[in-house]
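Visitor: Just so it is clear, I am handing over start_6.cif, which has mmCIF, C-alpha atoms.
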```cif
data_protein
#
loop_
_atom_site.group_PDB
_atom_site.id
_atom_site.type_symbol
_atom_site.label_atom_id
_atom_site.label_comp_id
_atom_site.auth_asym_id
_atom_site.auth_seq_id
_atom_site.Cartn_x
_atom_site.Cartn_y
_atom_site.Cartn_z
ATOM 1 C CA MET A 1 -60.358 120.887 -30.660
ATOM 2 C CA ASN A 2 -57.284 121.637 -28.620
ATOM 3 C CA GLY A 3 -55.913 119.348 -25.930
ATOM 4 C CA GLN A 4 -57.150 121.375 -22.964
ATOM 5 C CA ASN A 5 -60.705 121.523 -24.338
ATOM 6 C CA ASP A 6 -60.580 117.820 -24.999
ATOM 7 C CA ILE A 7 -59.577 117.124 -21.403
ATOM 8 C CA ASN A 8 -62.219 119.497 -20.064
ATOM 9 C CA ASN A 9 -64.921 117.940 -22.225
ATOM 10 C CA LYS A 10 -64.001 114.465 -21.012
ATOM 11 C CA LYS A 11 -64.085 115.705 -17.408
ATOM 12 C CA ASP A 12 -67.542 117.138 -18.025
ATOM 13 C CA LEU A 13 -68.667 113.934 -19.734
ATOM 14 C CA PHE A 14 -67.591 111.749 -16.845
ATOM 15 C CA SER A 15 -68.588 114.327 -14.193
ATOM 16 C CA LEU A 16 -65.024 114.525 -12.977
ATOM 17 C CA PRO A 17 -63.996 117.433 -10.764
ATOM 18 C CA TYR A 18 -62.856 120.354 -12.827
ATOM 19 C CA VAL A 19 -61.447 123.554 -11.425
ATOM 20 C CA LYS A 20 -60.398 126.381 -13.662
ATOM 21 C CA ASP A 21 -56.842 127.733 -13.441
ATOM 22 C CA GLN A 22 -55.511 124.786 -11.515
ATOM 23 C CA LEU A 23 -52.643 122.403 -12.161
ATOM 24 C CA GLU A 24 -53.124 119.068 -10.456
ATOM 25 C CA TYR A 25 -51.398 115.686 -10.550
ATOM 26 C CA TRP A 26 -51.836 112.469 -8.635
ATOM 27 C CA GLY A 27 -49.357 109.696 -9.397
ATOM 28 C CA PRO A 28 -45.745 108.574 -9.043
ATOM 29 C CA VAL A 29 -43.191 111.365 -8.717
ATOM 30 C CA ASN A 30 -39.469 110.954 -9.220
ATOM 31 C CA ARG A 31 -36.716 113.323 -10.403
ATOM 32 C CA ALA A 32 -37.330 112.769 -14.116
ATOM 33 C CA PHE A 33 -41.037 113.343 -13.692
ATOM 34 C CA SER A 34 -40.501 116.467 -11.586
ATOM 35 C CA ASP A 35 -38.349 118.022 -14.327
ATOM 36 C CA SER A 36 -41.131 117.537 -16.885
ATOM 37 C CA PHE A 37 -43.874 118.571 -14.498
ATOM 38 C CA LEU A 38 -42.060 121.767 -13.509
ATOM 39 C CA THR A 39 -41.479 122.712 -17.132
ATOM 40 C CA MET A 40 -45.229 122.347 -17.636
ATOM 41 C CA GLY A 41 -45.803 124.251 -14.380
ATOM 42 C CA HIS A 42 -43.668 127.149 -15.578
ATOM 43 C CA LYS A 43 -45.725 127.435 -18.733
ATOM 44 C CA PHE A 44 -48.964 127.122 -16.771
ATOM 45 C CA ILE A 45 -48.042 129.838 -14.250
ATOM 46 C CA TYR A 46 -47.125 132.384 -16.899
ATOM 47 C CA GLN A 47 -50.076 131.480 -19.127
ATOM 48 C CA TYR A 48 -52.827 131.542 -16.504
ATOM 49 C CA PHE A 49 -51.487 134.089 -14.035
ATOM 50 C CA GLY A 50 -49.825 136.405 -16.532
ATOM 51 C CA ARG A 51 -51.949 139.301 -15.206
ATOM 52 C CA LEU A 52 -50.037 139.174 -11.918
ATOM 53 C CA ASP A 53 -46.722 140.857 -11.128
ATOM 54 C CA SER A 54 -43.786 139.034 -12.720
ATOM 55 C CA LYS A 55 -41.721 139.213 -9.513
ATOM 56 C CA TYR A 56 -44.566 137.513 -7.662
ATOM 57 C CA LEU A 57 -44.842 134.830 -10.339
ATOM 58 C CA LYS A 58 -41.126 134.161 -10.085
ATOM 59 C CA ILE A 59 -41.482 133.593 -6.344
ATOM 60 C CA VAL A 60 -44.459 131.303 -6.972
ATOM 61 C CA PHE A 61 -42.504 129.284 -9.502
ATOM 62 C CA SER A 62 -39.385 129.080 -7.326
ATOM 63 C CA SER A 63 -41.504 127.850 -4.407
ATOM 64 C CA PHE A 64 -43.261 125.333 -6.623
ATOM 65 C CA VAL A 65 -39.863 124.025 -7.759
ATOM 66 C CA GLU A 66 -38.641 123.536 -4.185
ATOM 67 C CA ILE A 67 -41.814 121.775 -3.028
ATOM 68 C CA VAL A 68 -42.110 119.437 -6.012
ATOM 69 C CA GLN A 69 -38.399 118.611 -5.976
ATOM 70 C CA ASN A 70 -38.553 117.852 -2.248
ATOM 71 C CA VAL A 71 -41.227 115.251 -2.986
ATOM 72 C CA ALA A 72 -39.199 113.817 -5.869
ATOM 73 C CA GLU A 73 -36.009 113.786 -3.828
ATOM 74 C CA TYR A 74 -37.646 111.930 -0.948
ATOM 75 C CA ASN A 75 -39.224 109.377 -3.292
ATOM 76 C CA GLU A 76 -35.952 108.779 -5.164
ATOM 77 C CA GLY A 77 -34.060 108.351 -1.908
ATOM 78 C CA SER A 78 -36.597 106.080 -0.268
ATOM 79 C CA TYR A 79 -37.952 103.906 -3.063
ATOM 80 C CA GLU A 80 -35.800 102.223 -5.689
ATOM 81 C CA VAL A 81 -38.709 101.473 -7.979
ATOM 82 C CA ASN A 82 -42.483 101.688 -7.726
ATOM 83 C CA PHE A 83 -42.511 105.271 -6.586
ATOM 84 C CA PRO A 84 -45.601 105.940 -4.481
ATOM 85 C CA GLN A 85 -48.544 108.035 -5.556
ATOM 86 C CA SER A 86 -48.041 111.683 -4.641
ATOM 87 C CA PHE A 87 -50.423 114.591 -5.017
ATOM 88 C CA LEU A 88 -49.273 117.941 -6.415
ATOM 89 C CA ARG A 89 -51.518 120.929 -6.929
ATOM 90 C CA LEU A 90 -51.121 124.594 -7.736
ATOM 91 C CA ARG A 91 -54.297 126.710 -7.605
ATOM 92 C CA ASP A 92 -55.594 130.253 -7.545
ATOM 93 C CA THR A 93 -58.069 131.390 -4.879
ATOM 94 C CA GLY A 94 -58.581 134.913 -6.187
ATOM 95 C CA ASP A 95 -56.257 136.624 -3.726
ATOM 96 C CA LYS A 96 -53.477 134.092 -3.403
ATOM 97 C CA ILE A 97 -51.854 131.143 -5.139
ATOM 98 C CA VAL A 98 -51.803 127.952 -3.119
ATOM 99 C CA ILE A 99 -49.476 124.981 -3.547
ATOM 100 C CA ASP A 100 -50.542 121.695 -1.938
ATOM 101 C CA THR A 101 -48.682 118.415 -1.864
ATOM 102 C CA VAL A 102 -49.347 115.093 -0.211
ATOM 103 C CA ASN A 103 -46.760 112.354 -0.252
ATOM 104 C CA SER A 104 -46.286 109.006 1.341
ATOM 105 C CA ILE A 105 -43.621 108.757 4.051
ATOM 106 C CA LYS A 106 -42.223 105.397 5.095
ATOM 107 C CA SER A 107 -43.117 104.682 8.701
ATOM 108 C CA GLU A 108 -39.419 104.293 9.587
ATOM 109 C CA ASP A 109 -38.723 107.779 8.172
ATOM 110 C CA LYS A 110 -41.569 109.602 9.884
ATOM 111 C CA LEU A 111 -39.651 110.593 12.996
ATOM 112 C CA GLU A 112 -36.689 111.911 11.019
ATOM 113 C CA VAL A 113 -38.870 113.897 8.596
ATOM 114 C CA GLN A 114 -40.974 115.232 11.450
ATOM 115 C CA THR A 115 -37.848 116.286 13.351
ATOM 116 C CA ILE A 116 -36.537 118.206 10.326
ATOM 117 C CA PHE A 117 -39.829 120.058 9.909
ATOM 118 C CA GLU A 118 -40.180 120.800 13.617
ATOM 119 C CA ARG A 119 -36.636 122.125 13.811
ATOM 120 C CA VAL A 120 -37.040 124.406 10.794
ATOM 121 C CA PHE A 121 -40.445 125.665 11.937
ATOM 122 C CA ALA A 122 -39.166 126.325 15.453
ATOM 123 C CA LEU A 123 -36.472 128.688 14.158
ATOM 124 C CA PRO A 124 -37.250 132.330 14.872
ATOM 125 C CA LYS A 125 -37.509 134.466 11.737
ATOM 126 C CA GLU A 126 -34.340 136.350 12.658
ATOM 127 C CA GLU A 127 -32.331 133.119 12.671
ATOM 128 C CA LEU A 128 -33.474 131.928 9.245
ATOM 129 C CA GLN A 129 -30.830 133.849 7.318
ATOM 130 C CA ALA A 130 -28.017 132.457 9.490
ATOM 131 C CA GLU A 131 -29.377 128.936 9.019
ATOM 132 C CA TYR A 132 -29.693 129.495 5.280
ATOM 133 C CA LYS A 133 -26.073 130.648 5.121
ATOM 134 C CA LYS A 134 -24.898 127.641 7.111
ATOM 135 C CA LEU A 135 -26.732 125.168 4.886
ATOM 136 C CA LEU A 136 -25.658 126.884 1.671
ATOM 137 C CA LEU A 137 -21.990 126.823 2.569
ATOM 138 C CA LYS A 138 -21.720 123.656 4.624
ATOM 139 C CA GLY A 139 -24.371 121.373 3.158
ATOM 140 C CA GLY A 140 -27.897 120.320 4.062
ATOM 141 C CA SER A 141 -31.339 120.819 2.608
ATOM 142 C CA LEU A 142 -32.015 124.450 1.761
ATOM 143 C CA GLY A 143 -35.512 124.150 0.303
ATOM 144 C CA LEU A 144 -37.476 124.258 3.557
ATOM 145 C CA ILE A 145 -35.547 127.266 4.823
ATOM 146 C CA MET A 146 -36.167 129.101 1.552
ATOM 147 C CA LEU A 147 -39.892 128.421 1.879
ATOM 148 C CA ARG A 148 -39.975 129.594 5.487
ATOM 149 C CA LYS A 149 -38.184 132.792 4.510
ATOM 150 C CA LEU A 150 -40.998 133.767 2.130
ATOM 151 C CA LYS A 151 -42.733 137.004 3.006
ATOM 152 C CA ASN A 152 -46.496 137.522 3.077
ATOM 153 C CA SER A 153 -47.250 133.822 2.928
ATOM 154 C CA GLU A 154 -48.387 130.941 5.125
ATOM 155 C CA PHE A 155 -46.623 127.606 5.116
ATOM 156 C CA GLU A 156 -48.226 124.706 6.980
ATOM 157 C CA TYR A 157 -47.533 121.010 7.248
ATOM 158 C CA SER A 158 -49.089 118.031 8.971
ATOM 159 C CA PHE A 159 -48.755 114.271 9.072
ATOM 160 C CA SER A 160 -51.765 112.008 8.700
ATOM 161 C CA GLU A 161 -52.258 108.264 8.771
ATOM 162 C CA ASN A 162 -54.832 106.198 6.926
ATOM 163 C CA GLU A 163 -56.504 102.980 8.085
ATOM 164 C CA GLU A 164 -53.708 100.872 6.596
ATOM 165 C CA GLY A 165 -51.186 102.699 8.752
ATOM 166 C CA ASP A 166 -49.557 104.615 5.877
ATOM 167 C CA THR A 167 -48.157 108.002 6.821
ATOM 168 C CA TRP A 168 -48.700 111.025 4.587
ATOM 169 C CA LEU A 169 -46.960 114.364 4.718
ATOM 170 C CA VAL A 170 -49.366 117.161 3.809
ATOM 171 C CA ILE A 171 -47.970 120.561 2.835
ATOM 172 C CA GLU A 172 -49.819 123.749 2.025
ATOM 173 C CA LEU A 173 -48.159 126.993 0.991
ATOM 174 C CA LYS A 174 -50.373 130.060 0.509
ATOM 175 C CA MET A 175 -48.756 133.018 -1.212
ATOM 176 C CA ASN A 176 -50.729 136.242 -1.152
ATOM 177 C CA TYR A 177 -50.832 138.315 -4.300
ATOM 178 C CA GLY A 178 -48.234 141.035 -4.045
ATOM 179 C CA ASN A 179 -45.748 138.835 -2.246
ATOM 180 C CA THR A 180 -42.542 140.289 -3.642
ATOM 181 C CA MET B 181 -8.168 120.634 -22.630
ATOM 182 C CA GLU B 182 -11.188 121.629 -24.694
ATOM 183 C CA ILE B 183 -13.788 124.371 -24.487
ATOM 184 C CA LEU B 184 -16.721 123.218 -22.386
ATOM 185 C CA ASN B 185 -19.921 123.938 -24.226
ATOM 186 C CA ILE B 186 -23.327 122.788 -23.012
ATOM 187 C CA GLU B 187 -26.464 123.910 -24.788
ATOM 188 C CA PRO B 188 -29.260 125.275 -22.583
ATOM 189 C CA PHE B 189 -32.150 122.957 -21.909
ATOM 190 C CA LEU B 190 -35.488 123.425 -20.191
ATOM 191 C CA GLN B 191 -34.138 123.320 -16.636
ATOM 192 C CA THR B 192 -30.446 123.845 -17.223
ATOM 193 C CA PRO B 193 -28.348 126.849 -18.263
ATOM 194 C CA GLU B 194 -26.078 127.421 -21.220
ATOM 195 C CA ILE B 195 -22.448 126.773 -20.387
ATOM 196 C CA ASN B 196 -19.513 128.105 -22.365
ATOM 197 C CA PHE B 197 -16.222 127.816 -20.518
ATOM 198 C CA ASN B 198 -13.250 128.838 -22.636
ATOM 199 C CA HIS B 199 -9.826 127.937 -21.235
ATOM 200 C CA GLN B 200 -8.039 130.075 -23.827
ATOM 201 C CA THR B 201 -9.812 133.377 -23.110
ATOM 202 C CA GLY B 202 -10.543 132.672 -19.443
ATOM 203 C CA ILE B 203 -14.187 133.667 -19.988
ATOM 204 C CA LEU B 204 -16.419 131.148 -18.233
ATOM 205 C CA TYR B 205 -20.033 131.848 -19.073
ATOM 206 C CA LEU B 206 -23.100 130.352 -17.393
ATOM 207 C CA CYS B 207 -26.466 131.739 -18.464
ATOM 208 C CA GLY B 208 -30.148 131.003 -17.986
ATOM 209 C CA LYS B 209 -32.382 128.921 -15.762
ATOM 210 C CA SER B 210 -30.945 126.358 -13.393
ATOM 211 C CA TYR B 211 -33.432 124.140 -11.627
ATOM 212 C CA PRO B 212 -32.615 120.536 -12.542
ATOM 213 C CA ALA B 213 -33.864 117.922 -10.083
ATOM 214 C CA ASP B 214 -30.383 116.419 -10.055
ATOM 215 C CA ALA B 215 -28.145 119.484 -9.844
ATOM 216 C CA ILE B 216 -25.154 117.491 -8.595
ATOM 217 C CA ASP B 217 -25.200 115.434 -11.778
ATOM 218 C CA PHE B 218 -25.535 118.487 -14.018
ATOM 219 C CA TYR B 219 -22.741 120.483 -12.357
ATOM 220 C CA LYS B 220 -20.302 117.587 -12.011
ATOM 221 C CA SER B 221 -18.761 117.940 -15.473
ATOM 222 C CA ILE B 222 -18.535 121.726 -15.025
ATOM 223 C CA ILE B 223 -16.787 121.421 -11.676
ATOM 224 C CA ASP B 224 -14.431 118.747 -13.031
ATOM 225 C CA TRP B 225 -13.571 120.927 -16.038
ATOM 226 C CA SER B 226 -12.921 123.893 -13.723
ATOM 227 C CA LYS B 227 -10.586 121.884 -11.496
ATOM 228 C CA GLU B 228 -8.540 120.940 -14.543
ATOM 229 C CA TYR B 229 -8.613 124.550 -15.788
ATOM 230 C CA CYS B 230 -7.184 125.797 -12.499
ATOM 231 C CA GLN B 231 -4.053 123.688 -13.082
ATOM 232 C CA ASN B 232 -3.184 125.908 -16.036
ATOM 233 C CA PRO B 233 -5.442 128.966 -16.084
ATOM 234 C CA ALA B 234 -5.501 131.917 -18.481
ATOM 235 C CA ASP B 235 -3.893 135.165 -17.281
ATOM 236 C CA LYS B 236 -7.288 136.509 -16.358
ATOM 237 C CA THR B 237 -10.340 134.456 -15.428
ATOM 238 C CA THR B 238 -13.894 135.802 -15.334
ATOM 239 C CA LEU B 239 -16.800 133.641 -14.282
ATOM 240 C CA ILE B 240 -19.975 135.210 -15.649
ATOM 241 C CA CYS B 241 -23.146 133.965 -13.985
ATOM 242 C CA GLU B 242 -26.240 135.351 -15.714
ATOM 243 C CA ILE B 243 -29.038 133.743 -13.795
ATOM 244 C CA GLU B 244 -32.759 133.778 -14.340
ATOM 245 C CA TYR B 245 -33.790 131.000 -11.941
ATOM 246 C CA LEU B 246 -31.774 129.122 -9.374
ATOM 247 C CA ASN B 247 -33.196 126.306 -7.293
ATOM 248 C CA SER B 248 -31.698 125.519 -3.914
ATOM 249 C CA ALA B 249 -29.749 122.521 -5.219
ATOM 250 C CA SER B 250 -28.198 124.674 -7.969
ATOM 251 C CA GLN B 251 -27.292 127.353 -5.432
ATOM 252 C CA LYS B 252 -25.204 124.817 -3.560
ATOM 253 C CA GLN B 253 -23.556 123.577 -6.725
ATOM 254 C CA LEU B 254 -22.695 127.125 -7.767
ATOM 255 C CA VAL B 255 -21.013 127.623 -4.404
ATOM 256 C CA GLU B 256 -19.062 124.393 -5.041
ATOM 257 C CA LEU B 257 -18.077 125.720 -8.467
ATOM 258 C CA ILE B 258 -16.912 129.096 -7.157
ATOM 259 C CA LEU B 259 -14.987 127.345 -4.394
ATOM 260 C CA VAL B 260 -12.906 125.624 -7.081
ATOM 261 C CA PHE B 261 -11.562 129.036 -8.089
ATOM 262 C CA LYS B 262 -10.865 130.231 -4.546
ATOM 263 C CA PRO B 263 -7.256 128.901 -4.477
ATOM 264 C CA LEU B 264 -6.678 130.617 -7.837
ATOM 265 C CA PHE B 265 -7.739 133.976 -6.395
ATOM 266 C CA ASP B 266 -5.931 133.389 -3.093
ATOM 267 C CA SER B 267 -2.688 132.700 -4.947
ATOM 268 C CA GLY B 268 -2.839 136.152 -6.548
ATOM 269 C CA LYS B 269 -4.218 135.220 -9.964
ATOM 270 C CA ASN B 270 -6.675 137.549 -11.633
ATOM 271 C CA PHE B 271 -10.108 136.062 -10.938
ATOM 272 C CA LYS B 272 -13.511 137.669 -10.512
ATOM 273 C CA VAL B 273 -17.182 136.779 -10.725
ATOM 274 C CA LYS B 274 -19.656 138.826 -12.737
ATOM 275 C CA TRP B 275 -23.039 138.182 -11.156
ATOM 276 C CA LYS B 276 -25.878 139.177 -13.463
ATOM 277 C CA TYR B 277 -29.422 138.891 -12.146
ATOM 278 C CA GLU B 278 -32.868 139.857 -13.305
ATOM 279 C CA GLU B 279 -33.883 143.401 -12.514
ATOM 280 C CA GLY B 280 -35.466 143.450 -9.051
ATOM 281 C CA ASP B 281 -34.589 139.860 -8.206
ATOM 282 C CA ASP B 282 -33.296 140.456 -4.702
ATOM 283 C CA ASP B 283 -33.124 136.737 -3.926
ATOM 284 C CA ILE B 284 -30.530 135.956 -6.588
ATOM 285 C CA LEU B 285 -28.673 139.189 -5.788
ATOM 286 C CA SER B 286 -28.477 138.190 -2.124
ATOM 287 C CA VAL B 287 -27.117 134.735 -2.995
ATOM 288 C CA GLY B 288 -24.257 136.466 -4.817
ATOM 289 C CA GLU B 289 -23.643 138.893 -1.961
ATOM 290 C CA LEU B 290 -23.590 136.092 0.570
ATOM 291 C CA VAL B 291 -21.125 134.006 -1.443
ATOM 292 C CA GLU B 292 -18.920 137.034 -2.094
ATOM 293 C CA HIS B 293 -18.851 137.877 1.604
ATOM 294 C CA GLU B 294 -18.212 134.343 2.826
ATOM 295 C CA LEU B 295 -15.656 133.276 0.216
ATOM 296 C CA GLU B 296 -13.957 136.686 0.022
ATOM 297 C CA ILE B 297 -13.870 136.653 -3.763
ATOM 298 C CA PRO B 298 -14.645 139.842 -5.720
ATOM 299 C CA PHE B 299 -18.050 140.022 -7.400
ATOM 300 C CA GLU B 300 -19.340 142.593 -9.863
ATOM 301 C CA TYR B 301 -23.107 142.964 -9.990
ATOM 302 C CA GLN B 302 -25.276 143.879 -12.921
ATOM 303 C CA GLU B 303 -29.036 143.917 -13.369
ATOM 304 C CA VAL B 304 -30.201 142.472 -16.670
ATOM 305 C CA GLN B 305 -33.512 141.690 -18.365
ATOM 306 C CA PHE B 306 -34.459 138.195 -19.451
#
```
Re-express the file's structure as structure tokens.
Guide:
Amino acid sequence: MNGQNDINNKKDLFSLPYVKDQLEYWGPVNRAFSDSFLTMGHKFIYQYFGRLDSKYLKIVFSSFVEIVQNVAEYNEGSYEVNFPQSFLRLRDTGDKIVIDTVNSIKSEDKLEVQTIFERVFALPKEELQAEYKKLLLKGGSLGLIMLRKLKNSEFEYSFSENEEGDTWLVIELKMNYGNT
Amino acid sequence: MEILNIEPFLQTPEINFNHQTGILYLCGKSYPADAIDFYKSIIDWSKEYCQNPADKTTLICEIEYLNSASQKQLVELILVFKPLFDSGKNFKVKWKYEEGDDDILSVGELVEHELEIPFEYQEVQF
């Protein structure tokens, strides 16, 4: 029995949720973990979505890298140890590939993170390239701009709070098939 | 000074920088989570190389994947060679990208335009 079947059988046995063609993780995420997870993600994307255009898959993988590394980067910068639980998921809906992440944001960081997102999302499309150039040459985080520049896709974010007052940043990127 | 040779790994490219021939070769995927750490030794080596460069220097970047952090580090690396080019030394960048990969092509074009360093472009297959 191979590893994947073993996992699937255990999920069936314990009635755990199982969705085909989906990569999902819930746990601590730091830089070292993100490197391993993305290597696995690369293999997963080309194994399960190999029927799709290779240019599209490259865009999917590049986007996945930026999103996962943003989570890892925030966690490394904000927590010395005991990295918080983060959720990472890459799934296929039949006409698009969707990347979802949820990660804990310290309450003192919420305003700053929110301001960064609001500023990037407020930029008109025609100003994205100029902003990208500025950040590439003069410093600053490029990942969000690269994601906003994607064609034929939807990128959404929101902040939510649970009963304990923890803040979570929720990101969803939907990339339609044929996005090249 | 010694040849800088770094074997490719899962998220990092092969590096072969030869101070004797002036051929500086970077090839493969570059998406390490800590790109600053990975590129530090390469940038340091390049700064030392520029003190006593070969007659002709060619930086060959043959890139399959490039995350945003690596893009910035590549700009930092190319910037190291800018004074070399500006002082009249023979320096150019060969920018090789996967066929149809307009994103990596446009990174090269942007850097070429902004830093005013000559780039040669070539489509390749990985």
Visitor: Would you mind reading off the distance between atom CA of A:Tyr46 and atom CA of A:Ala72, one decimal, in Å?
Guide: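 Interatomic distance, atom CA of A:Tyr46 to atom CA of A:Ala72: 23.0 Å.
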Visitor: Between B:Asn270, B:Ser210, B:Asn196, B:Thr201, which has the minimum distance to chain A (counting only C-alpha atoms)?
Guide: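 Ranking B:Asn270, B:Ser210, B:Asn196, B:Thr201 by distance to chain A, first place goes to B:Ser210.
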Visitor: Would you list the contacts of A:Val120 as JSON, numbers by chain, taking every protein, DNA or RNA residue within 9 Å and counting only C-alpha atoms, but skipping same-chain residues closer than 6 positions in sequence?
Guide: {"A": [128, 144, 145, 148]}
Visitor: Kindly export the residues of the current selection with C-alpha atoms, as a PDB file, keeping the file's coordinate frame.
Guide:
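Contents of the output file out.pdb:
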```
ATOM      1  CA  LEU A 128     -33.474 131.928   9.245  1.00  0.00           C
ATOM      2  CA  LEU A 144     -37.476 124.258   3.557  1.00  0.00           C
ATOM      3  CA  ILE A 145     -35.547 127.266   4.823  1.00  0.00           C
ATOM      4  CA  ARG A 148     -39.975 129.594   5.487  1.00  0.00           C
TER       5      ARG A 148
END
```
Visitor: Determine the residue membership of the PyMOL selection byres ((chain B and resi 225) around 10) for the file above and supply it as a ChimeraX atom specification.
Guide: /B:181-184,197,199,219-224,226-230
Visitor: Output the selection as a short mmCIF file (atom, residue, chain, number, x, y, z; two decimals), in the frame of the given file - C-alpha atoms for each residue.
Guide:
```
data_model
loop_
_atom_site.label_atom_id
_atom_site.label_comp_id
_atom_site.auth_asym_id
_atom_site.auth_seq_id
_atom_site.Cartn_x
_atom_site.Cartn_y
_atom_site.Cartn_z
CA MET B 181 -8.17 120.63 -22.63
CA GLU B 182 -11.19 121.63 -24.69
CA ILE B 183 -13.79 124.37 -24.49
CA LEU B 184 -16.72 123.22 -22.39
CA PHE B 197 -16.22 127.82 -20.52
CA HIS B 199 -9.83 127.94 -21.24
CA TYR B 219 -22.74 120.48 -12.36
CA LYS B 220 -20.30 117.59 -12.01
CA SER B 221 -18.76 117.94 -15.47
CA ILE B 222 -18.54 121.73 -15.02
CA ILE B 223 -16.79 121.42 -11.68
CA ASP B 224 -14.43 118.75 -13.03
CA SER B 226 -12.92 123.89 -13.72
CA LYS B 227 -10.59 121.88 -11.50
CA GLU B 228 -8.54 120.94 -14.54
CA TYR B 229 -8.61 124.55 -15.79
CA CYS B 230 -7.18 125.80 -12.50
#
```
Visitor: When you count only C-alpha atoms, which of these residues is closest to chain B: A:Leu169, A:Arg89, A:Lys43, A:Met146?
Guide: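 Ranked by minimum distance to chain B, first place goes to A:Met146.
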Visitor: Would you list the contacts of B:Val255 as a PyMOL selection string, taking every protein, DNA or RNA residue within 10 Å and counting all atoms listed in the file, but skipping same-chain residues closer than 4 positions in sequence?
Guide: (chain A and resi 136-138) or (chain B and resi 250-251+259-260+287-288+291-292+295)
Visitor: Create the file for the chosen residues now, containing C-alpha atoms and written as a JSON list (two decimals), in the coordinates of the input.
Guide:
```
[["chain", "number", "residue", "atom", "x", "y", "z"],
["A", 136, "LEU", "CA", -25.66, 126.88, 1.67],
["A", 137, "LEU", "CA", -21.99, 126.82, 2.57],
["A", 138, "LYS", "CA", -21.72, 123.66, 4.62],
["B", 250, "SER", "CA", -28.20, 124.67, -7.97],
["B", 251, "GLN", "CA", -27.29, 127.35, -5.43],
["B", 259, "LEU", "CA", -14.99, 127.34, -4.39],
["B", 260, "VAL", "CA", -12.91, 125.62, -7.08],
["B", 287, "VAL", "CA", -27.12, 134.74, -3.00],
["B", 288, "GLY", "CA", -24.26, 136.47, -4.82],
["B", 291, "VAL", "CA", -21.12, 134.01, -1.44],
["B", 292, "GLU", "CA", -18.92, 137.03, -2.09],
["B", 295, "LEU", "CA", -15.66, 133.28, 0.22]]
```
Visitor: Within 7 Å of chain B, which residues of chain A show up when using only C-alpha atoms, listed as a ChimeraX atom specification?
Guide: /A:31,34-35,39,62,66,69,136,142-143
Visitor: Taking 6 positions as the minimum chain separation for residues in the same chain, which residues sit within 9 Å of B:Pro193 when counting all atoms listed in the file? Answer as a PyMOL selection string.
Guide: chain B and resi 186-187+206-211+243
Visitor: Rounded to one decimal, what separation in Å do you get between atom CA of A:Gly41 and atom CA of A:Leu90?
Guide: 8.5 Å
Visitor: Pick out the residues sitting within 9 Å of B:Val273, and hand them over as a ChimeraX atom specification; count only C-alpha atoms, and ignore anything fewer than 4 positions along from it in its own chain.
Guide: /B:237-241,258,292,297-301
Visitor: So, counting all atoms listed in the file, which residue among A:Leu135, A:Ile116, A:Ala122, A:Ile105 is closest to A:Gln85?
Guide: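 Looking at the shortest contact to A:Gln85, the residue is A:Ile105.
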Visitor: Could you list, as a JSON list (two decimals) with C-alpha atoms, keeping the file's coordinate frame, every residue matched by the PyMOL selection byres ((chain B and resi 304) around 7) in this structure?
Guide:
```
[["chain", "number", "residue", "atom", "x", "y", "z"],
["B", 276, "LYS", "CA", -25.88, 139.18, -13.46],
["B", 277, "TYR", "CA", -29.42, 138.89, -12.15],
["B", 278, "GLU", "CA", -32.87, 139.86, -13.30],
["B", 279, "GLU", "CA", -33.88, 143.40, -12.51],
["B", 302, "GLN", "CA", -25.28, 143.88, -12.92],
["B", 303, "GLU", "CA", -29.04, 143.92, -13.37],
["B", 305, "GLN", "CA", -33.51, 141.69, -18.36],
["B", 306, "PHE", "CA", -34.46, 138.20, -19.45]]
```
Visitor: May I ask which of the residues A:Val81, A:Met40, A:Leu111, A:Met175 is the closest one to A:Lys96, counting only C-alpha atoms?
Guide: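 Counting only C-alpha atoms, the residue closest to A:Lys96 is A:Met175.
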